[in-house]
Amino acid sequence: MSVIDISKENHARHGRYVARITGIDDEAELTFTKRSPGLISADHTGAPESMRGTGAAAALVSFMVEDARQNGFKVIPLCPYVRAQYAKHPEWADVFTTRPGEAP
């Protein structure tokens with residue numbers, strides 16, 4: 001089983017969660033946009049072919065959910081992959097919102 005290392009990169013308006021696996025030079029990412037204080041949109045999840053099937057993309061979404069809970073923000077799931085993961089995890093309902101004006 002591969003160990004997935006995830007980090008968060010924050011910039012003024014945008015950011016990304018990055019997944020790296022030892023022995024693989026590529027990285028997977030989940031990009032986001034800061035919409036307002038307490039609200040981001042999950043815009044895109046991408047994993048290169050070398051990381052497909054490793055669980056990196058799912059780990060990125062789980063990491064984002066925990067980050068949102070720990071730091072008190074909500075997520076608009078614009079990315080189809082994030083929406084699909086949310087549909088599989090109803091216990092994440094406290095983090096996700098479909099209303100851009102809704103913040104904690």
# chains A, B, ... in the order shown; residues from 1 in each chain; ligands from 1
>>> select_by_dssp(residues="chain A", states="strand (DSSP E)", output="ChimeraX atom specification")
/A:4-10,14-21,27-36,39-46,74-77
>>> write_last_selection(atoms="C-alpha atoms", output="mmCIF file, in the first residue's frame")
data_model
loop_
_atom_site.group_PDB
_atom_site.id
_atom_site.type_symbol
_atom_site.label_atom_id
_atom_site.label_comp_id
_atom_site.auth_asym_id
_atom_site.auth_seq_id
_atom_site.Cartn_x
_atom_site.Cartn_y
_atom_site.Cartn_z
ATOM 1 C CA ILE A 4 0.006 9.378 0.206
ATOM 2 C CA ASP A 5 1.417 12.674 1.466
ATOM 3 C CA ILE A 6 -0.975 15.628 1.130
ATOM 4 C CA SER A 7 -0.179 19.303 1.530
ATOM 5 C CA LYS A 8 -2.127 22.524 1.059
ATOM 6 C CA GLU A 9 -0.926 25.501 -0.942
ATOM 7 C CA ASN A 10 -2.712 28.778 -0.210
ATOM 8 C CA HIS A 14 -6.798 30.359 -5.178
ATOM 9 C CA GLY A 15 -5.108 27.316 -3.753
ATOM 10 C CA ARG A 16 -4.692 23.612 -4.117
ATOM 11 C CA TYR A 17 -4.314 20.398 -2.200
ATOM 12 C CA VAL A 18 -1.433 18.326 -3.561
ATOM 13 C CA ALA A 19 -0.937 14.566 -3.213
ATOM 14 C CA ARG A 20 2.452 12.943 -3.649
ATOM 15 C CA ILE A 21 3.424 9.283 -3.419
ATOM 16 C CA GLU A 27 1.470 14.766 -8.267
ATOM 17 C CA ALA A 28 -2.317 14.836 -8.069
ATOM 18 C CA GLU A 29 -4.159 18.023 -7.166
ATOM 19 C CA LEU A 30 -7.495 19.414 -6.108
ATOM 20 C CA THR A 31 -7.712 23.119 -6.938
ATOM 21 C CA PHE A 32 -9.975 25.580 -5.152
ATOM 22 C CA THR A 33 -11.080 29.209 -5.237
ATOM 23 C CA LYS A 34 -11.712 31.310 -2.132
ATOM 24 C CA ARG A 35 -15.213 32.709 -2.658
ATOM 25 C CA SER A 36 -15.577 34.598 0.615
ATOM 26 C CA LEU A 39 -16.392 29.563 1.692
ATOM 27 C CA ILE A 40 -14.356 27.924 -1.094
ATOM 28 C CA SER A 41 -15.285 26.130 -4.292
ATOM 29 C CA ALA A 42 -13.619 22.820 -5.169
ATOM 30 C CA ASP A 43 -12.894 23.491 -8.846
ATOM 31 C CA HIS A 44 -10.910 20.606 -10.311
ATOM 32 C CA THR A 45 -9.368 17.306 -9.292
ATOM 33 C CA GLY A 46 -6.640 15.892 -11.478
ATOM 34 C CA LYS A 74 -17.812 25.320 3.644
ATOM 35 C CA VAL A 75 -17.185 23.911 0.169
ATOM 36 C CA ILE A 76 -19.143 24.372 -3.064
ATOM 37 C CA PRO A 77 -18.479 21.156 -5.038
#
>>> residues_around(residues="Gln70 of chain A", least_positions_apart="5", cutoff="12 Å", atoms="only C-alpha atoms", output="count of residues only")
6
>>> select_by_dssp(residues="segment 19-78 of chain A", states="alpha helix (DSSP H)", output="PyMOL selection string")
chain A and resi 56-71
>>> write_last_selection(atoms="N, CA and C atoms", output="PDB file, in the first residue's frame")
ATOM      1  N   ALA A  56      -5.241   8.432  -4.557  1.00  0.00           N
ATOM      2  CA  ALA A  56      -4.778   9.797  -4.299  1.00  0.00           C
ATOM      3  C   ALA A  56      -5.904  10.824  -4.430  1.00  0.00           C
ATOM      4  N   ALA A  57      -6.723  10.709  -5.466  1.00  0.00           N
ATOM      5  CA  ALA A  57      -7.795  11.689  -5.669  1.00  0.00           C
ATOM      6  C   ALA A  57      -8.812  11.633  -4.521  1.00  0.00           C
ATOM      7  N   ALA A  58      -9.203  10.444  -4.113  1.00  0.00           N
ATOM      8  CA  ALA A  58     -10.141  10.305  -2.993  1.00  0.00           C
ATOM      9  C   ALA A  58      -9.521  10.843  -1.702  1.00  0.00           C
ATOM     10  N   ALA A  59      -8.216  10.617  -1.526  1.00  0.00           N
ATOM     11  CA  ALA A  59      -7.530  11.124  -0.338  1.00  0.00           C
ATOM     12  C   ALA A  59      -7.516  12.646  -0.318  1.00  0.00           C
ATOM     13  N   LEU A  60      -7.389  13.261  -1.493  1.00  0.00           N
ATOM     14  CA  LEU A  60      -7.429  14.720  -1.574  1.00  0.00           C
ATOM     15  C   LEU A  60      -8.776  15.265  -1.095  1.00  0.00           C
ATOM     16  N   VAL A  61      -9.861  14.640  -1.526  1.00  0.00           N
ATOM     17  CA  VAL A  61     -11.193  15.102  -1.122  1.00  0.00           C
ATOM     18  C   VAL A  61     -11.385  14.900   0.379  1.00  0.00           C
ATOM     19  N   SER A  62     -10.985  13.754   0.897  1.00  0.00           N
ATOM     20  CA  SER A  62     -11.095  13.509   2.341  1.00  0.00           C
ATOM     21  C   SER A  62     -10.290  14.533   3.139  1.00  0.00           C
ATOM     22  N   PHE A  63      -9.091  14.849   2.660  1.00  0.00           N
ATOM     23  CA  PHE A  63      -8.236  15.831   3.332  1.00  0.00           C
ATOM     24  C   PHE A  63      -8.906  17.206   3.335  1.00  0.00           C
ATOM     25  N   MET A  64      -9.505  17.584   2.203  1.00  0.00           N
ATOM     26  CA  MET A  64     -10.201  18.870   2.104  1.00  0.00           C
ATOM     27  C   MET A  64     -11.372  18.922   3.090  1.00  0.00           C
ATOM     28  N   VAL A  65     -12.122  17.831   3.198  1.00  0.00           N
ATOM     29  CA  VAL A  65     -13.258  17.776   4.128  1.00  0.00           C
ATOM     30  C   VAL A  65     -12.773  17.989   5.562  1.00  0.00           C
ATOM     31  N   GLU A  66     -11.716  17.299   5.939  1.00  0.00           N
ATOM     32  CA  GLU A  66     -11.180  17.467   7.301  1.00  0.00           C
ATOM     33  C   GLU A  66     -10.630  18.874   7.520  1.00  0.00           C
ATOM     34  N   ASP A  67      -9.991  19.437   6.505  1.00  0.00           N
ATOM     35  CA  ASP A  67      -9.492  20.803   6.590  1.00  0.00           C
ATOM     36  C   ASP A  67     -10.655  21.777   6.800  1.00  0.00           C
ATOM     37  N   ALA A  68     -11.741  21.571   6.069  1.00  0.00           N
ATOM     38  CA  ALA A  68     -12.920  22.432   6.209  1.00  0.00           C
ATOM     39  C   ALA A  68     -13.503  22.336   7.619  1.00  0.00           C
ATOM     40  N   ARG A  69     -13.589  21.136   8.134  1.00  0.00           N
ATOM     41  CA  ARG A  69     -14.123  20.957   9.492  1.00  0.00           C
ATOM     42  C   ARG A  69     -13.223  21.619  10.533  1.00  0.00           C
ATOM     43  N   GLN A  70     -11.923  21.419  10.411  1.00  0.00           N
ATOM     44  CA  GLN A  70     -10.990  21.967  11.400  1.00  0.00           C
ATOM     45  C   GLN A  70     -10.887  23.485  11.330  1.00  0.00           C
ATOM     46  N   ASN A  71     -11.080  24.047  10.133  1.00  0.00           N
ATOM     47  CA  ASN A  71     -10.888  25.479   9.957  1.00  0.00           C
ATOM     48  C   ASN A  71     -12.177  26.253   9.716  1.00  0.00           C
TER      49      ASN A  71
END
>>> atom_distance(atom1="atom CA of Phe96 of chain A", atom2="atom CA of Leu78 of chain A")
10.6 Å
>>> closest_residue(among="A:Ile24, A:Gln85, A:Trp92, A:Thr98", to="Arg52 of chain A", atoms="only C-alpha atoms")
A:Ile24
>>> atom_distance(atom1="atom CA of Pro37 of chain A", atom2="atom CA of Cys79 of chain A")
20.2 Å
